[in-house]
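Below is one structure, written out as structure tokens; comments come after it.
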Amino acid sequence: CSALAGPVGSGVAVTEATLEAAGPMAGAPGRPALTLPENCRVRGVIDRRTGVGGREFGVGFELRLPTDWNGRFLFQGGGGLDGVINPAIGALANSGQSPALTRGFAVVSTDAGHSGSMVDASFGSDQQARVDYAYAAIGKVTPAAKALVERFYGRPPAHSYFAGCSNGGRQALTAAERFPLLFDGIVAGDPTLRFSRVAIDEAWNLNVLGKVAPKDAAGHPLIARVFSPDDLALVKTAVLKRCDARDGLADGQIQDWKACDFDPAVLQCRKGQAKNCLSPSQVTALRELQRGPHTPAAGSIYGPFNYDTGVAGSAWRGMRLGSAQIGAANSADATLGLGMLRLFQLTPPDPQFDPWQRVDWDQLLRRVAASAAIGDADSPFLSTFALHSKLI
């Protein structure tokens, strides 16, 4: 294992190679610790350089090589805006399976070319960092990792896979589209297909909520107050009443969502009514949130979203509204989404873009075209991957 340290090839440096004994690895809060097998933990960096503003860049990676290898290789996708090297254990979200490393896979992960938190989009001011995050890191890390696999075991992987969720799902599809010969199988969970339009949708949501939100003393829109938990519970109950039985069974779940024709106007307060209803501005806001961004020229830019019981859940509130009762909004749309739009999706970057002012949505669509060309994973032309993977 220690012999892997040092230069691997052009631009690839292994900075750490340590044989780790089998044993527990602390799990996430509320989850049991994982027991990992003995493995060679390798860390390295590809194409280290100094970029915009004197910032240090490079494609960091971690590769774990189990002593008892099953002959297979897995690229573990990232999440959010990456920036961190997650432990390369091959844990697949919501799969119900044990991590790939514990099943004998060699596993690699990457920070996608920059250091920072998964909500830090500042790397987007650097051209190469944009390209690495969008797709190039996959094409750099995979050959380097496979070379290390072959050096360690004396043979290349018999089969190679990519698996990821959310941004990792986008990376998975990007692998099939841009590097169709590198992987034999791909799992793309909840992929952010049209990444650039996701950013526009998040800005749309902020704009819609900002129009009706109360303001704090500094003039910040308090979007967390647009809908109370009781308001959204009211919506949930009304959606179930309207659409639950459309699938043939009233069981608290809306399975036939295409047949759900719920209109929040049924909850609008009547004259003299102040409780158990929505104001006209709330009705309009909810309609526009669910419809998604649209213009007469472009039509539907992203969306729409279907109505379901999730509207009253913590995930919907965290994504759309947040919890901030003063100061800047802290919803995912206002943090991850807005930062990503300003610094990665807009070309050139526009740190001052304000979604709470008047926005020309057609123009905004044109302003993300360059990043869409490198970061969106929506190409339907997959014949090379399909042939390579014997899918057709």
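Chain lettering (A, B, ...) mirrors the order of the structure tokens, residue numbering begins at 1 for each chain separately, and ligand numbering begins at 1 in order of display.
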
* To do: Write out as a PyMOL selection string which residues come within 9 Å of range 8-21 of chain A when counting only C-alpha atoms, dropping same-chain ones fewer than 4 positions away.
  => chain A and resi 1-4+36-48+144+147-148

Would you output that residue set with C-alpha atoms, as a PDB file, in the first residue's frame?
```pdb
ATOM      1  CA  CYS A   1       0.000   0.000   0.000  1.00  0.00           C
ATOM      2  CA  SER A   2       2.670   2.509   1.012  1.00  0.00           C
ATOM      3  CA  ALA A   3       4.424   1.916  -2.323  1.00  0.00           C
ATOM      4  CA  LEU A   4       1.533   3.683  -4.079  1.00  0.00           C
ATOM      5  CA  LEU A  36     -15.065  -1.546   7.181  1.00  0.00           C
ATOM      6  CA  PRO A  37     -12.755  -4.251   5.873  1.00  0.00           C
ATOM      7  CA  GLU A  38      -8.982  -3.895   5.792  1.00  0.00           C
ATOM      8  CA  ASN A  39      -8.208  -1.495   2.972  1.00  0.00           C
ATOM      9  CA  CYS A  40      -5.481   0.646   1.462  1.00  0.00           C
ATOM     10  CA  ARG A  41      -6.653   4.256   1.793  1.00  0.00           C
ATOM     11  CA  VAL A  42      -5.123   6.417  -0.932  1.00  0.00           C
ATOM     12  CA  ARG A  43      -5.424  10.190  -1.220  1.00  0.00           C
ATOM     13  CA  GLY A  44      -4.131  12.288  -4.077  1.00  0.00           C
ATOM     14  CA  VAL A  45      -4.527  15.330  -6.276  1.00  0.00           C
ATOM     15  CA  ILE A  46      -4.587  15.786 -10.040  1.00  0.00           C
ATOM     16  CA  ASP A  47      -3.448  18.910 -11.918  1.00  0.00           C
ATOM     17  CA  ARG A  48      -2.583  21.016  -8.896  1.00  0.00           C
ATOM     18  CA  ALA A 144      -5.863   7.607 -12.386  1.00  0.00           C
ATOM     19  CA  ALA A 147      -4.157   2.777 -12.797  1.00  0.00           C
ATOM     20  CA  LEU A 148      -3.737   2.612  -9.025  1.00  0.00           C
TER      21      LEU A 148
END
```

Write out as an mmCIF file with N, CA, C and O atoms, in the first residue's frame the set of residues from range 61-222 of chain A that DSSP, computed on the backbone, places in strand (DSSP E or B).
```cif
data_model
loop_
_atom_site.group_PDB
_atom_site.id
_atom_site.type_symbol
_atom_site.label_atom_id
_atom_site.label_comp_id
_atom_site.auth_asym_id
_atom_site.auth_seq_id
_atom_site.Cartn_x
_atom_site.Cartn_y
_atom_site.Cartn_z
ATOM 1 N N PHE A 61 -8.847 13.442 -4.665
ATOM 2 C CA PHE A 61 -9.580 12.183 -4.684
ATOM 3 C C PHE A 61 -9.148 11.287 -3.527
ATOM 4 O O PHE A 61 -8.068 11.436 -2.956
ATOM 5 N N GLU A 62 -10.050 10.372 -3.176
ATOM 6 C CA GLU A 62 -9.739 9.299 -2.233
ATOM 7 C C GLU A 62 -10.115 7.979 -2.871
ATOM 8 O O GLU A 62 -11.182 7.848 -3.475
ATOM 9 N N LEU A 63 -9.214 7.008 -2.768
ATOM 10 C CA LEU A 63 -9.436 5.675 -3.306
ATOM 11 C C LEU A 63 -9.213 4.668 -2.189
ATOM 12 O O LEU A 63 -8.199 4.722 -1.495
ATOM 13 N N ARG A 64 -10.164 3.780 -1.992
ATOM 14 C CA ARG A 64 -10.007 2.714 -0.995
ATOM 15 C C ARG A 64 -9.973 1.370 -1.703
ATOM 16 O O ARG A 64 -10.862 1.042 -2.490
ATOM 17 N N LEU A 65 -8.921 0.611 -1.379
ATOM 18 C CA LEU A 65 -8.657 -0.660 -2.031
ATOM 19 C C LEU A 65 -8.727 -1.776 -0.997
ATOM 20 O O LEU A 65 -7.812 -1.931 -0.179
ATOM 21 N N PRO A 66 -9.807 -2.547 -0.985
ATOM 22 C CA PRO A 66 -9.937 -3.605 0.026
ATOM 23 C C PRO A 66 -8.954 -4.746 -0.230
ATOM 24 O O PRO A 66 -8.704 -5.118 -1.375
ATOM 25 N N ARG A 72 -14.030 -5.558 -8.825
ATOM 26 C CA ARG A 72 -14.855 -4.496 -9.396
ATOM 27 C C ARG A 72 -14.492 -3.122 -8.830
ATOM 28 O O ARG A 72 -13.915 -3.014 -7.746
ATOM 29 N N PHE A 73 -14.866 -2.088 -9.579
ATOM 30 C CA PHE A 73 -14.499 -0.706 -9.258
ATOM 31 C C PHE A 73 -15.752 0.165 -9.283
ATOM 32 O O PHE A 73 -16.586 0.029 -10.183
ATOM 33 N N LEU A 74 -15.878 1.050 -8.296
ATOM 34 C CA LEU A 74 -17.028 1.956 -8.221
ATOM 35 C C LEU A 74 -16.563 3.390 -8.042
ATOM 36 O O LEU A 74 -15.746 3.686 -7.155
ATOM 37 N N PHE A 75 -17.085 4.291 -8.873
ATOM 38 C CA PHE A 75 -16.892 5.733 -8.694
ATOM 39 C C PHE A 75 -18.102 6.238 -7.914
ATOM 40 O O PHE A 75 -19.235 6.131 -8.377
ATOM 41 N N GLN A 76 -17.845 6.788 -6.739
ATOM 42 C CA GLN A 76 -18.910 7.283 -5.854
ATOM 43 C C GLN A 76 -19.165 8.760 -6.143
ATOM 44 O O GLN A 76 -18.294 9.599 -5.978
ATOM 45 N N ALA A 106 -13.429 -1.812 -4.978
ATOM 46 C CA ALA A 106 -12.517 -0.676 -4.867
ATOM 47 C C ALA A 106 -13.346 0.561 -5.180
ATOM 48 O O ALA A 106 -14.099 0.583 -6.160
ATOM 49 N N VAL A 107 -13.248 1.601 -4.350
ATOM 50 C CA VAL A 107 -14.144 2.760 -4.466
ATOM 51 C C VAL A 107 -13.331 4.045 -4.493
ATOM 52 O O VAL A 107 -12.385 4.217 -3.708
ATOM 53 N N VAL A 108 -13.714 4.978 -5.381
ATOM 54 C CA VAL A 108 -13.061 6.285 -5.450
ATOM 55 C C VAL A 108 -14.098 7.385 -5.308
ATOM 56 O O VAL A 108 -15.264 7.227 -5.700
ATOM 57 N N SER A 109 -13.705 8.507 -4.701
ATOM 58 C CA SER A 109 -14.546 9.707 -4.597
ATOM 59 C C SER A 109 -13.671 10.913 -4.915
ATOM 60 O O SER A 109 -12.434 10.818 -4.906
ATOM 61 N N THR A 110 -14.296 12.064 -5.158
ATOM 62 C CA THR A 110 -13.538 13.263 -5.528
ATOM 63 C C THR A 110 -14.218 14.519 -5.029
ATOM 64 O O THR A 110 -15.426 14.526 -4.767
ATOM 65 N N HIS A 159 -14.970 -5.063 -13.970
ATOM 66 C CA HIS A 159 -16.147 -4.252 -14.274
ATOM 67 C C HIS A 159 -16.048 -2.939 -13.505
ATOM 68 O O HIS A 159 -15.556 -2.905 -12.373
ATOM 69 N N SER A 160 -16.545 -1.862 -14.112
ATOM 70 C CA SER A 160 -16.494 -0.534 -13.498
ATOM 71 C C SER A 160 -17.875 0.091 -13.496
ATOM 72 O O SER A 160 -18.614 -0.011 -14.487
ATOM 73 N N TYR A 161 -18.195 0.760 -12.390
ATOM 74 C CA TYR A 161 -19.530 1.336 -12.215
ATOM 75 C C TYR A 161 -19.434 2.764 -11.678
ATOM 76 O O TYR A 161 -18.441 3.153 -11.058
ATOM 77 N N PHE A 162 -20.498 3.514 -11.910
ATOM 78 C CA PHE A 162 -20.641 4.856 -11.328
ATOM 79 C C PHE A 162 -22.005 4.897 -10.653
ATOM 80 O O PHE A 162 -23.004 4.466 -11.229
ATOM 81 N N ALA A 163 -22.054 5.425 -9.432
ATOM 82 C CA ALA A 163 -23.329 5.553 -8.730
ATOM 83 C C ALA A 163 -23.350 6.853 -7.949
ATOM 84 O O ALA A 163 -22.373 7.214 -7.290
ATOM 85 N N GLY A 164 -24.454 7.575 -8.031
ATOM 86 C CA GLY A 164 -24.573 8.825 -7.292
ATOM 87 C C GLY A 164 -26.011 9.293 -7.233
ATOM 88 O O GLY A 164 -26.885 8.773 -7.948
ATOM 89 N N CYS A 165 -26.264 10.290 -6.389
ATOM 90 C CA CYS A 165 -27.604 10.825 -6.190
ATOM 91 C C CYS A 165 -27.548 12.343 -6.216
ATOM 92 O O CYS A 165 -26.561 12.940 -5.751
ATOM 93 N N GLY A 185 -21.644 0.055 -15.993
ATOM 94 C CA GLY A 185 -22.987 0.243 -15.454
ATOM 95 C C GLY A 185 -23.054 1.524 -14.653
ATOM 96 O O GLY A 185 -22.057 1.940 -14.045
ATOM 97 N N ILE A 186 -24.221 2.166 -14.681
ATOM 98 C CA ILE A 186 -24.377 3.469 -14.030
ATOM 99 C C ILE A 186 -25.704 3.522 -13.287
ATOM 100 O O ILE A 186 -26.742 3.111 -13.824
ATOM 101 N N VAL A 187 -25.655 4.020 -12.053
ATOM 102 C CA VAL A 187 -26.862 4.262 -11.254
ATOM 103 C C VAL A 187 -26.960 5.761 -11.029
ATOM 104 O O VAL A 187 -26.115 6.354 -10.354
ATOM 105 N N ALA A 188 -27.986 6.397 -11.595
ATOM 106 C CA ALA A 188 -28.183 7.843 -11.483
ATOM 107 C C ALA A 188 -29.448 8.111 -10.683
ATOM 108 O O ALA A 188 -30.548 8.050 -11.225
ATOM 109 N N GLY A 189 -29.300 8.390 -9.389
ATOM 110 C CA GLY A 189 -30.437 8.644 -8.525
ATOM 111 C C GLY A 189 -30.782 10.125 -8.457
ATOM 112 O O GLY A 189 -29.897 10.959 -8.304
ATOM 113 N N LYS A 215 -41.148 42.073 5.545
ATOM 114 C CA LYS A 215 -39.735 42.464 5.552
ATOM 115 C C LYS A 215 -39.261 42.724 6.974
ATOM 116 O O LYS A 215 -40.029 43.143 7.840
ATOM 117 N N PRO A 221 -36.594 40.212 2.794
ATOM 118 C CA PRO A 221 -37.872 39.488 2.781
ATOM 119 C C PRO A 221 -37.803 38.261 3.689
ATOM 120 O O PRO A 221 -36.866 37.464 3.593
#
```

* Could you check which of A:Thr67, A:Thr335, A:Ser196, A:Thr237 is closest to Asp378 in chain A, using only C-alpha atoms? =>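 Smallest separation from Asp378 in chain A among the options: A:Ser196.
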
* Can you check which residues of range 292-387 of chain A DSSP gives as alpha helix (DSSP H) on the backbone and send them as a ChimeraX atom specification? => /A:314-316,338-340,361-367,369-375,383-387

* **For Ser389 in chain A, the nearest of the candidates A:Phe183, A:Lys275, A:Leu234, A:Ala218, counting only C-alpha atoms** => A:Phe183

* All residues 12 Å or closer to Ala324 in chain A, only C-alpha atoms, same chain fewer than 2 positions away omitted, as a PyMOL selection string -> chain A and resi 215-216+220-226+317-318+320-322+326-332+334-335

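You will find CA of Ala137 in chain A at 18.7 Å from CA of Ile89 in chain A.
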
* Shell of 10 Å around Asp354 in chain A, only C-alpha atoms, local chain residues under 6 positions omitted, as an MDAnalysis selection string -> chainID A and resid 203 206:207 338 342

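Proximity to Gly71 in chain A was assessed for A:Ala370, A:Ala175, A:Leu101, A:Val131 counting only C-alpha atoms; the smallest distance is recorded for A:Leu101.
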
* Surrounding residues of Gly53 in chain A excluding itself and chain neighbours under 3 positions, 10 Å, only C-alpha atoms, as a list of chain:residue names ->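 My list of contacting residues is A:Thr50, A:Glu56, A:Ser125, A:Asp126.
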
Take the residues from that selection and put them in a file with C-alpha atoms, as a short mmCIF file (atom, residue, chain, number, x, y, z; two decimals), in the first residue's frame.
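Here's the written file again_8.cif:
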```
data_model
loop_
_atom_site.label_atom_id
_atom_site.label_comp_id
_atom_site.auth_asym_id
_atom_site.auth_seq_id
_atom_site.Cartn_x
_atom_site.Cartn_y
_atom_site.Cartn_z
CA THR A 50 -2.84 28.30 -8.92
CA GLU A 56 -5.00 26.82 -5.13
CA SER A 125 -15.01 32.44 -10.78
CA ASP A 126 -12.26 30.18 -12.16
#
```

Which residues are near Ala136 in chain A? Cut-off 10 Å, only C-alpha atoms, ignore same chain within fewer than 4 positions. Put them as a PDB file with all heavy atoms, in the first residue's frame.
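File produced: around36.pdb:
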```
ATOM      1  N   VAL A  59      -7.767  18.587  -8.547  1.00  0.00           N
ATOM      2  CA  VAL A  59      -8.831  17.597  -8.410  1.00  0.00           C
ATOM      3  C   VAL A  59      -8.403  16.591  -7.345  1.00  0.00           C
ATOM      4  O   VAL A  59      -7.580  15.708  -7.607  1.00  0.00           O
ATOM      5  CB  VAL A  59      -9.115  16.897  -9.744  1.00  0.00           C
ATOM      6  CG1 VAL A  59     -10.263  15.897  -9.583  1.00  0.00           C
ATOM      7  CG2 VAL A  59      -9.441  17.914 -10.836  1.00  0.00           C
ATOM      8  N   ALA A 112     -14.196  17.086  -7.013  1.00  0.00           N
ATOM      9  CA  ALA A 112     -14.566  17.658  -8.323  1.00  0.00           C
ATOM     10  C   ALA A 112     -13.746  18.884  -8.698  1.00  0.00           C
ATOM     11  O   ALA A 112     -14.163  19.677  -9.529  1.00  0.00           O
ATOM     12  CB  ALA A 112     -16.058  17.973  -8.400  1.00  0.00           C
ATOM     13  N   GLY A 113     -12.577  19.044  -8.086  1.00  0.00           N
ATOM     14  CA  GLY A 113     -11.653  20.072  -8.572  1.00  0.00           C
ATOM     15  C   GLY A 113     -11.486  21.314  -7.741  1.00  0.00           C
ATOM     16  O   GLY A 113     -10.794  22.246  -8.155  1.00  0.00           O
ATOM     17  N   GLN A 128     -11.314  26.966 -15.290  1.00  0.00           N
ATOM     18  CA  GLN A 128     -10.999  25.543 -15.266  1.00  0.00           C
ATOM     19  C   GLN A 128     -11.746  24.831 -14.147  1.00  0.00           C
ATOM     20  O   GLN A 128     -12.163  23.680 -14.309  1.00  0.00           O
ATOM     21  CB  GLN A 128      -9.489  25.322 -15.099  1.00  0.00           C
ATOM     22  CG  GLN A 128      -9.066  23.868 -15.154  1.00  0.00           C
ATOM     23  CD  GLN A 128      -9.412  23.195 -16.482  1.00  0.00           C
ATOM     24  OE1 GLN A 128      -9.159  23.753 -17.551  1.00  0.00           O
ATOM     25  NE2 GLN A 128     -10.000  22.004 -16.425  1.00  0.00           N
ATOM     26  N   ALA A 129     -11.918  25.513 -13.018  1.00  0.00           N
ATOM     27  CA  ALA A 129     -12.671  24.901 -11.917  1.00  0.00           C
ATOM     28  C   ALA A 129     -14.106  24.632 -12.330  1.00  0.00           C
ATOM     29  O   ALA A 129     -14.702  23.618 -11.929  1.00  0.00           O
ATOM     30  CB  ALA A 129     -12.626  25.806 -10.684  1.00  0.00           C
ATOM     31  N   ARG A 130     -14.681  25.517 -13.131  1.00  0.00           N
ATOM     32  CA  ARG A 130     -16.024  25.277 -13.664  1.00  0.00           C
ATOM     33  C   ARG A 130     -16.049  24.004 -14.508  1.00  0.00           C
ATOM     34  O   ARG A 130     -16.936  23.165 -14.374  1.00  0.00           O
ATOM     35  CB  ARG A 130     -16.476  26.448 -14.538  1.00  0.00           C
ATOM     36  CG  ARG A 130     -17.005  27.651 -13.809  1.00  0.00           C
ATOM     37  CD  ARG A 130     -17.608  28.632 -14.805  1.00  0.00           C
ATOM     38  NE  ARG A 130     -18.307  29.711 -14.125  1.00  0.00           N
ATOM     39  CZ  ARG A 130     -19.292  30.412 -14.652  1.00  0.00           C
ATOM     40  NH1 ARG A 130     -19.706  30.143 -15.880  1.00  0.00           N
ATOM     41  NH2 ARG A 130     -19.885  31.378 -13.978  1.00  0.00           N
ATOM     42  N   VAL A 131     -15.071  23.890 -15.393  1.00  0.00           N
ATOM     43  CA  VAL A 131     -15.027  22.738 -16.291  1.00  0.00           C
ATOM     44  C   VAL A 131     -14.816  21.450 -15.501  1.00  0.00           C
ATOM     45  O   VAL A 131     -15.455  20.428 -15.774  1.00  0.00           O
ATOM     46  CB  VAL A 131     -13.917  22.925 -17.342  1.00  0.00           C
ATOM     47  CG1 VAL A 131     -13.747  21.671 -18.189  1.00  0.00           C
ATOM     48  CG2 VAL A 131     -14.233  24.125 -18.234  1.00  0.00           C
ATOM     49  N   ASP A 132     -13.912  21.490 -14.509  1.00  0.00           N
ATOM     50  CA  ASP A 132     -13.662  20.296 -13.698  1.00  0.00           C
ATOM     51  C   ASP A 132     -14.918  19.862 -12.962  1.00  0.00           C
ATOM     52  O   ASP A 132     -15.257  18.673 -12.929  1.00  0.00           O
ATOM     53  CB  ASP A 132     -12.534  20.559 -12.699  1.00  0.00           C
ATOM     54  CG  ASP A 132     -11.160  20.563 -13.347  1.00  0.00           C
ATOM     55  OD1 ASP A 132     -11.007  19.967 -14.428  1.00  0.00           O
ATOM     56  OD2 ASP A 132     -10.241  21.179 -12.782  1.00  0.00           O
ATOM     57  N   LYS A 140     -10.690  12.732 -15.337  1.00  0.00           N
ATOM     58  CA  LYS A 140      -9.338  12.762 -14.774  1.00  0.00           C
ATOM     59  C   LYS A 140      -9.163  11.709 -13.681  1.00  0.00           C
ATOM     60  O   LYS A 140      -8.139  11.021 -13.621  1.00  0.00           O
ATOM     61  CB  LYS A 140      -9.035  14.156 -14.211  1.00  0.00           C
ATOM     62  CG  LYS A 140      -8.970  15.263 -15.252  1.00  0.00           C
ATOM     63  CD  LYS A 140      -8.703  16.622 -14.607  1.00  0.00           C
ATOM     64  CE  LYS A 140      -8.622  17.728 -15.653  1.00  0.00           C
ATOM     65  NZ  LYS A 140      -8.345  19.058 -15.057  1.00  0.00           N
ATOM     66  N   VAL A 141     -10.158  11.617 -12.804  1.00  0.00           N
ATOM     67  CA  VAL A 141     -10.033  10.730 -11.646  1.00  0.00           C
ATOM     68  C   VAL A 141     -10.133   9.260 -12.050  1.00  0.00           C
ATOM     69  O   VAL A 141      -9.389   8.413 -11.536  1.00  0.00           O
ATOM     70  CB  VAL A 141     -11.111  11.066 -10.595  1.00  0.00           C
ATOM     71  CG1 VAL A 141     -11.164  10.003  -9.502  1.00  0.00           C
ATOM     72  CG2 VAL A 141     -10.831  12.437  -9.978  1.00  0.00           C
ATOM     73  N   THR A 174     -23.605  12.297 -16.658  1.00  0.00           N
ATOM     74  CA  THR A 174     -22.506  12.932 -17.382  1.00  0.00           C
ATOM     75  C   THR A 174     -21.470  11.894 -17.793  1.00  0.00           C
ATOM     76  O   THR A 174     -20.912  11.948 -18.899  1.00  0.00           O
ATOM     77  CB  THR A 174     -21.849  14.014 -16.505  1.00  0.00           C
ATOM     78  OG1 THR A 174     -22.810  15.043 -16.239  1.00  0.00           O
ATOM     79  CG2 THR A 174     -20.639  14.637 -17.194  1.00  0.00           C
ATOM     80  N   ALA A 175     -21.209  10.938 -16.914  1.00  0.00           N
ATOM     81  CA  ALA A 175     -20.264   9.873 -17.243  1.00  0.00           C
ATOM     82  C   ALA A 175     -20.739   9.086 -18.459  1.00  0.00           C
ATOM     83  O   ALA A 175     -19.946   8.758 -19.354  1.00  0.00           O
ATOM     84  CB  ALA A 175     -20.088   8.947 -16.046  1.00  0.00           C
ATOM     85  N   ARG A 178     -20.456  11.728 -21.573  1.00  0.00           N
ATOM     86  CA  ARG A 178     -19.154  12.268 -21.976  1.00  0.00           C
ATOM     87  C   ARG A 178     -18.018  11.241 -21.929  1.00  0.00           C
ATOM     88  O   ARG A 178     -17.006  11.416 -22.614  1.00  0.00           O
ATOM     89  CB  ARG A 178     -18.791  13.474 -21.103  1.00  0.00           C
ATOM     90  CG  ARG A 178     -19.693  14.683 -21.340  1.00  0.00           C
ATOM     91  CD  ARG A 178     -19.239  15.867 -20.506  1.00  0.00           C
ATOM     92  NE  ARG A 178     -20.054  17.046 -20.731  1.00  0.00           N
ATOM     93  CZ  ARG A 178     -19.794  17.997 -21.636  1.00  0.00           C
ATOM     94  NH1 ARG A 178     -18.730  17.879 -22.410  1.00  0.00           N
ATOM     95  NH2 ARG A 178     -20.586  19.042 -21.771  1.00  0.00           N
ATOM     96  N   PHE A 179     -18.164  10.213 -21.117  1.00  0.00           N
ATOM     97  CA  PHE A 179     -17.111   9.201 -20.984  1.00  0.00           C
ATOM     98  C   PHE A 179     -17.729   7.805 -21.106  1.00  0.00           C
ATOM     99  O   PHE A 179     -17.661   6.997 -20.180  1.00  0.00           O
ATOM    100  CB  PHE A 179     -16.397   9.361 -19.640  1.00  0.00           C
ATOM    101  CG  PHE A 179     -15.888  10.760 -19.382  1.00  0.00           C
ATOM    102  CD1 PHE A 179     -16.558  11.601 -18.501  1.00  0.00           C
ATOM    103  CD2 PHE A 179     -14.772  11.232 -20.042  1.00  0.00           C
ATOM    104  CE1 PHE A 179     -16.102  12.890 -18.270  1.00  0.00           C
ATOM    105  CE2 PHE A 179     -14.304  12.528 -19.822  1.00  0.00           C
ATOM    106  CZ  PHE A 179     -14.979  13.361 -18.936  1.00  0.00           C
ATOM    107  N   ILE A 374     -21.931  22.869 -20.553  1.00  0.00           N
ATOM    108  CA  ILE A 374     -20.928  22.000 -19.934  1.00  0.00           C
ATOM    109  C   ILE A 374     -21.463  21.236 -18.730  1.00  0.00           C
ATOM    110  O   ILE A 374     -20.937  20.173 -18.386  1.00  0.00           O
ATOM    111  CB  ILE A 374     -19.669  22.793 -19.518  1.00  0.00           C
ATOM    112  CG1 ILE A 374     -20.008  23.858 -18.462  1.00  0.00           C
ATOM    113  CG2 ILE A 374     -18.990  23.409 -20.727  1.00  0.00           C
ATOM    114  CD1 ILE A 374     -18.773  24.532 -17.872  1.00  0.00           C
TER     115      ILE A 374
END
```

* If you count only C-alpha atoms, which residues fall within 9 Å of Leu289 in chain A, apart from same-chain ones fewer than 5 positions away, as a ChimeraX atom specification? -> /A:201,204-205,208-209,284,304-305,320

Store the residues picked out above in a file with C-alpha atoms, as a PDB file, in the first residue's frame.
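Once everything was written out, this is result_38.pdb:
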```
ATOM      1  CA  ASP A 201     -36.237  27.591 -10.707  1.00  0.00           C
ATOM      2  CA  TRP A 204     -38.008  31.955  -9.366  1.00  0.00           C
ATOM      3  CA  ASN A 205     -39.096  30.569  -6.008  1.00  0.00           C
ATOM      4  CA  VAL A 208     -42.327  34.588  -5.952  1.00  0.00           C
ATOM      5  CA  LEU A 209     -42.012  34.420  -2.170  1.00  0.00           C
ATOM      6  CA  THR A 284     -51.030  33.058  -5.929  1.00  0.00           C
ATOM      7  CA  PRO A 304     -44.076  22.173 -12.917  1.00  0.00           C
ATOM      8  CA  PHE A 305     -44.234  20.348  -9.598  1.00  0.00           C
ATOM      9  CA  ARG A 320     -38.379  26.621  -0.221  1.00  0.00           C
TER      10      ARG A 320
END
```

* Counting only C-alpha atoms, the option among A:Arg242, A:Ala145, A:Ile138, A:Gly154 closest to Glu177 in chain A -> A:Ile138

* **One-decimal distance in Å that lies between CA of Pro87 in chain A and CA of Val52 in chain A** =>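 Result for CA of Val52 in chain A versus CA of Pro87 in chain A: 28.2 Å, one decimal.
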
* Point-to-point distance from CA of Asp251 in chain A to CA of Leu92 in chain A, Å rounded to tenths ->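 Rounded to one decimal, the two atoms are 29.3 Å apart.
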
* With only C-alpha atoms as the atoms that count, which of A:Asp120, A:Asp333, A:Asp184, A:Asp360 lies nearest to His388 in chain A? ->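 Among A:Asp120, A:Asp333, A:Asp184, A:Asp360, it is A:Asp184 that comes nearest to His388 in chain A.
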